[in-house]
$ cat entry.cif   # mmCIF, C-alpha atoms
data_target
#
loop_
_atom_site.label_atom_id
_atom_site.label_comp_id
_atom_site.auth_asym_id
_atom_site.auth_seq_id
_atom_site.Cartn_x
_atom_site.Cartn_y
_atom_site.Cartn_z
CA PHE X 40 87.34 128.50 88.90
CA VAL X 41 89.41 125.34 88.37
CA VAL X 42 92.48 124.16 90.26
CA ALA X 43 94.62 121.22 89.17
CA ALA X 44 97.69 120.07 91.06
CA THR X 45 99.75 117.08 92.04
CA MET X 46 99.63 115.84 95.62
CA LEU X 47 103.33 115.13 96.04
CA ALA X 48 104.70 112.35 98.20
CA ALA X 49 107.79 112.68 100.36
CA ALA X 50 109.48 109.80 98.57
CA ALA X 51 108.92 107.99 95.27
CA PRO X 52 105.39 108.07 93.81
CA ALA X 53 103.00 105.63 95.47
CA TRP X 54 99.63 105.04 93.87
CA ALA X 55 96.46 103.23 94.90
CA GLU X 56 96.99 99.75 96.27
CA LYS X 57 97.52 97.63 93.13
CA ALA X 58 96.60 94.38 94.88
CA ASP X 59 93.05 95.60 95.61
CA ARG X 60 91.67 94.51 92.25
CA ASP X 61 92.88 90.97 92.92
CA GLN X 62 90.66 90.78 96.00
CA PRO X 63 86.95 89.83 96.13
CA ILE X 64 84.28 92.53 96.24
CA ASN X 65 82.26 92.31 99.46
CA PHE X 66 79.00 94.24 99.82
CA SER X 67 76.20 94.56 102.35
CA GLY X 68 73.14 96.75 102.95
CA ASP X 69 69.69 96.76 104.53
CA THR X 70 68.01 96.10 101.18
CA GLY X 71 69.18 95.52 97.64
CA ASP X 72 69.51 93.28 94.65
CA ALA X 73 72.40 91.73 92.74
CA ASP X 74 72.69 90.46 89.19
CA LEU X 75 75.14 87.56 89.09
CA GLN X 76 75.27 87.59 85.29
CA ALA X 77 75.99 91.33 85.08
CA ARG X 78 78.26 91.17 88.12
CA GLY X 79 76.63 94.16 89.80
CA GLY X 80 73.69 95.41 91.78
CA SER X 81 72.19 98.15 93.94
CA LEU X 82 71.98 98.47 97.71
CA ALA X 83 70.29 100.84 100.16
CA GLY X 84 70.58 101.47 103.89
CA ASN X 85 73.89 101.37 105.75
CA VAL X 86 75.73 100.22 102.64
CA ILE X 87 79.31 99.02 102.89
CA ILE X 88 81.39 97.84 99.93
CA THR X 89 85.00 96.73 100.28
CA GLN X 90 87.69 95.36 97.99
CA GLY X 91 91.06 94.90 99.63
CA THR X 92 91.98 98.21 101.26
CA LEU X 93 89.23 100.08 99.37
CA SER X 94 86.00 100.82 101.23
CA ILE X 95 82.86 102.84 100.44
CA ARG X 96 80.17 103.62 103.02
CA ALA X 97 76.93 105.16 101.80
CA ASP X 98 73.14 105.38 102.14
CA ARG X 99 72.60 104.11 98.60
CA ILE X 100 74.89 102.69 95.96
CA VAL X 101 74.88 101.21 92.45
CA PHE X 102 77.95 99.12 91.64
CA LYS X 103 79.48 96.62 89.25
CA GLN X 104 82.57 94.49 88.82
CA ASN X 105 84.67 95.57 85.82
CA ALA X 106 86.30 93.19 83.35
CA ASP X 107 89.65 93.61 85.14
CA ASN X 108 87.97 92.68 88.47
CA SER X 109 88.13 96.29 89.73
CA LEU X 110 85.09 98.02 91.22
CA SER X 111 83.00 100.82 89.77
CA ALA X 112 80.30 102.49 91.86
CA THR X 113 78.07 105.52 92.23
CA ALA X 114 77.26 106.19 95.88
CA TYR X 115 74.93 108.64 97.62
CA GLY X 116 74.93 109.64 101.28
CA ASN X 117 75.17 112.36 103.87
CA PRO X 118 78.04 112.00 103.40
CA VAL X 119 79.49 109.14 101.41
CA ALA X 120 82.87 108.03 102.78
CA PHE X 121 85.58 106.63 100.50
CA ARG X 122 88.95 105.26 101.63
CA GLN X 123 91.83 103.43 99.94
CA LYS X 124 95.45 102.70 100.83
CA ARG X 125 98.27 104.06 98.72
CA ASP X 126 100.50 101.42 97.20
CA GLY X 127 103.77 100.72 99.00
CA VAL X 128 103.28 103.15 101.90
CA ASP X 129 101.28 103.08 105.12
CA GLU X 130 99.02 105.96 104.12
CA TYR X 131 95.44 106.32 102.89
CA TYR X 132 93.58 108.83 100.81
CA GLU X 133 90.03 109.55 101.88
CA GLY X 134 87.07 111.30 100.29
CA PHE X 135 83.76 112.60 101.66
CA ALA X 136 80.89 114.05 99.62
CA GLN X 137 77.14 113.85 99.03
CA ARG X 138 77.82 111.81 95.90
CA ILE X 139 80.92 109.87 94.90
CA GLU X 140 81.58 108.16 91.58
CA TYR X 141 84.45 105.68 91.47
CA ASP X 142 85.90 103.99 88.38
CA GLY X 143 88.43 101.37 89.43
CA ALA X 144 89.50 100.63 85.84
CA LYS X 145 90.60 104.27 85.42
CA GLU X 146 91.66 104.66 89.08
CA LEU X 147 89.49 107.78 89.15
CA VAL X 148 87.28 109.02 91.98
CA GLU X 149 84.96 112.03 91.63
CA LEU X 150 83.35 113.82 94.58
CA PHE X 151 80.26 116.02 94.18
CA ASP X 152 78.75 118.54 96.63
CA ARG X 153 80.47 119.44 99.92
CA ALA X 154 83.47 117.44 98.78
CA LEU X 155 86.54 116.88 100.93
CA LEU X 156 89.60 114.96 99.71
CA LYS X 157 92.37 114.11 102.18
CA ARG X 158 95.75 112.46 101.74
CA GLY X 159 97.67 112.28 104.94
CA GLN X 160 97.34 115.78 106.41
CA ASP X 161 96.86 117.50 103.06
CA GLU X 162 93.30 118.32 102.02
CA ILE X 163 91.21 120.03 99.36
CA ARG X 164 87.57 121.18 99.62
CA SER X 165 85.10 122.18 96.94
CA ASN X 166 81.74 121.24 95.48
CA TYR X 167 83.61 119.14 92.92
CA VAL X 168 86.91 117.32 93.37
CA SER X 169 88.36 114.55 91.21
CA TYR X 170 91.43 112.48 92.02
CA ASN X 171 93.38 110.17 89.73
CA ALA X 172 95.11 107.61 91.92
CA GLY X 173 97.33 106.48 89.02
CA THR X 174 98.91 109.92 88.56
CA GLU X 175 98.15 111.42 91.99
CA VAL X 176 96.70 114.51 90.31
CA PHE X 177 93.56 116.12 91.68
CA LYS X 178 91.28 118.70 90.07
CA ALA X 179 88.91 120.95 91.97
CA GLU X 180 86.26 123.26 90.56
CA GLY X 181 84.57 126.12 92.35
CA ARG X 182 80.93 125.57 91.45
CA VAL X 183 77.55 126.01 93.06
CA GLY X 184 76.34 122.87 94.81
CA THR X 185 73.39 120.87 93.54
CA THR X 186 71.53 121.74 96.74
CA PRO X 187 72.13 125.20 98.25
CA ASP X 188 74.02 124.77 101.50
CA PRO X 189 75.19 127.75 103.57
CA THR X 190 77.64 125.53 105.46
CA GLY X 191 79.25 124.17 102.29
CA PRO X 192 82.35 125.51 100.51
CA GLY X 193 80.30 127.56 98.04
CA ALA X 194 81.67 128.36 94.60
CA ARG X 195 85.26 128.34 95.82
CA VAL X 196 88.15 125.90 96.13
CA ARG X 197 89.86 125.66 99.50
CA GLY X 198 92.78 123.52 100.57
CA MET X 199 95.82 123.08 102.76
CA PHE X 200 99.24 121.48 102.15
CA GLN X 201 101.26 120.73 105.27
CA PRO X 202 105.04 121.40 105.33
CA ARG X 203 107.06 118.49 103.98
CA SER X 204 109.17 116.77 106.62
CA ASP X 205 111.78 115.47 104.13
CA LEU X 206 113.18 118.90 103.30
CA GLN X 207 116.46 120.02 104.90
CA PRO X 208 116.16 123.18 107.05
CA PRO X 209 117.18 126.34 105.13
CA GLY X 210 120.82 127.33 105.56
CA LYS X 211 122.06 123.92 106.68
CA THR X 212 123.61 122.99 103.35
CA ARG X 213 125.00 126.46 102.72
CA ASP X 214 126.52 126.72 106.20
CA ALA X 215 128.19 123.35 105.83
CA ALA X 216 129.66 124.37 102.48
CA LYS X 217 130.97 127.64 103.94
CA ASP X 218 132.63 125.91 106.88
CA ALA X 219 134.29 123.38 104.59
CA GLY X 220 135.84 126.19 102.56
CA LYS X 221 137.35 128.06 105.51
CA PRO X 222 141.16 127.98 106.01
CA GLY X 223 142.19 125.48 108.64
CA ALA X 224 138.92 123.62 108.45
CA LYS X 225 139.50 119.95 109.04
CA ALA X 226 137.58 117.28 107.28
CA THR X 227 136.15 114.67 109.57
CA PRO X 228 137.35 111.27 108.37
CA ALA X 229 134.72 108.62 107.98
CA THR X 230 135.00 105.97 110.63
CA THR X 231 135.12 102.43 109.38
CA GLU X 232 134.06 99.71 111.76
CA PRO X 233 136.13 96.48 111.63
CA PRO X 234 134.29 93.61 109.99
CA VAL X 235 132.54 91.23 112.34
CA THR X 236 133.21 87.54 111.82
CA LEU X 237 130.32 85.29 112.72
CA LYS X 238 131.32 81.85 113.94
CA PRO X 239 129.04 78.85 114.17
CA ALA X 240 127.83 77.84 117.62
CA GLY X 241 130.02 75.23 119.30
CA ASP X 242 133.10 76.32 117.39
CA PRO X 243 135.02 78.28 120.00
CA SER X 244 137.98 80.41 119.06
CA PRO X 245 141.39 78.69 119.45
CA PRO X 246 143.18 79.53 122.71
CA THR X 247 145.72 82.29 122.55
CA ALA X 248 149.32 81.00 122.78
CA THR X 249 151.18 82.15 125.93
CA ARG X 250 154.74 83.33 125.41
CA PRO X 251 157.38 81.92 127.86
CA ARG X 252 158.86 84.45 130.26
CA LYS X 253 162.50 85.37 129.92
CA ARG X 254 164.71 84.73 132.95
#
$ encode --input "entry.cif" --output "structure tokens"
Amino acid sequence: FVVAATMLAAAAPAWAEKADRDQPINFSGDTGDADLQARGGSLAGNVIITQGTLSIRADRIVFKQNADNSLSATAYGNPVAFRQKRDGVDEYYEGFAQRIEYDGAKELVELFDRALLKRGQDEIRSNYVSYNAGTEVFKAEGRVGTTPDPTGPGARVRGMFQPRSDLQPPGKTRDAAKDAGKPGAKATPATTEPPVTLKPAGDPSPPTATRPRKR
């Protein structure tokens, strides 16, 4: 069972933070090794990797720096936690799974086993979920997990989309149109505020001339 859909934004499309790949890759763990020539390495124990707004927390991880300076990584944990800001909006998408594979060059993240993908208050659960941050399209497959887990989602896809707050309540537009078409209905003129003239400090307005009184 496969589900593919677009996680729609309330406004214009906003993808993964584009400036992340221009930031340095910071990594830490209890043990590990790094190859400066290959621009990569492996870490184990309380692993944290960050690049700009992107962060991955895991028990074990293998990673590398791509030619475009983006990050690619395969992380294992119970669970692995992935987080990255969407470009141009104050919102993150987050992923949790037993294994996460991230390809920064393709802007693709794949979650395996007990996977949960969240964007804002929307979420999708399955044993496999992929998300393309460049197109904001996710794909979920109902499959049996690598390790049997009675508390996991099983071979099903589950999800929830919250109501969109940018939609106008039903009937509002139609009622307004009906009222406008009724006989005797008056159109409310748009009020225009007089322009405000800003004067420099120390330049007071000239005094108002006083008219002489008639005797």
$ atom_distance --input "entry.cif" --atom1 "CA of Arg138 (chain X)" --atom2 "CA of Thr113 (chain X)"
7.3 Å
$ closest_residue --input "entry.cif" --among "X:Val128, X:Ala194, X:Val168, X:Ile64" --to "Ala112 (chain X)" --atoms "all atoms listed in the file"
X:Ile64
$ atom_distance --input "entry.cif" --atom1 "CA of Val148 (chain X)" --atom2 "CA of Gln201 (chain X)"
22.6 Å
$ resolve_selection --input "entry.cif" --expression "the PyMOL selection byres ((chain X and resi 109) around 10)" --output "ChimeraX atom specification"
/X:59-64,90,103-108,110-111,142-146
$ atom_distance --input "entry.cif" --atom1 "CA of Phe135 (chain X)" --atom2 "CA of Asp69 (chain X)"
21.4 Å
$ residues_around --input "entry.cif" --residues "Gly134 (chain X)" --least-positions-apart "2" --cutoff "10 Å" --atoms "all atoms listed in the file" --output "number ranges by chain"
X: 95, 118-123, 132, 136, 139, 148-150, 154-158, 162-164, 168-170
$ write_last_selection --input "entry.cif" --atoms "C-alpha atoms" --output "compact mmCIF listing (two decimals), in the frame of the given file"
# COMPACT_ATOMS: atom_id res chain seq x y z
CA ILE X 95 82.86 102.84 100.44
CA PRO X 118 78.04 112.00 103.40
CA VAL X 119 79.49 109.14 101.41
CA ALA X 120 82.87 108.03 102.78
CA PHE X 121 85.58 106.63 100.50
CA ARG X 122 88.95 105.26 101.63
CA GLN X 123 91.83 103.43 99.94
CA TYR X 132 93.58 108.83 100.81
CA ALA X 136 80.89 114.05 99.62
CA ILE X 139 80.92 109.87 94.90
CA VAL X 148 87.28 109.02 91.98
CA GLU X 149 84.96 112.03 91.63
CA LEU X 150 83.35 113.82 94.58
CA ALA X 154 83.47 117.44 98.78
CA LEU X 155 86.54 116.88 100.93
CA LEU X 156 89.60 114.96 99.71
CA LYS X 157 92.37 114.11 102.18
CA ARG X 158 95.75 112.46 101.74
CA GLU X 162 93.30 118.32 102.02
CA ILE X 163 91.21 120.03 99.36
CA ARG X 164 87.57 121.18 99.62
CA VAL X 168 86.91 117.32 93.37
CA SER X 169 88.36 114.55 91.21
CA TYR X 170 91.43 112.48 92.02
$ closest_residue --input "entry.cif" --among "X:Glu175, X:Glu133, X:Asp98, X:Asp152" --to "Gly68 (chain X)" --atoms "all atoms listed in the file"
X:Asp98
$ residues_near_point --input "entry.cif" --point "(74.9, 91.4, 90.6)" --cutoff "12 Å" --atoms "all atoms listed in the file" --output "PyMOL selection string"
chain X and resi 64-66+71-82+101-105
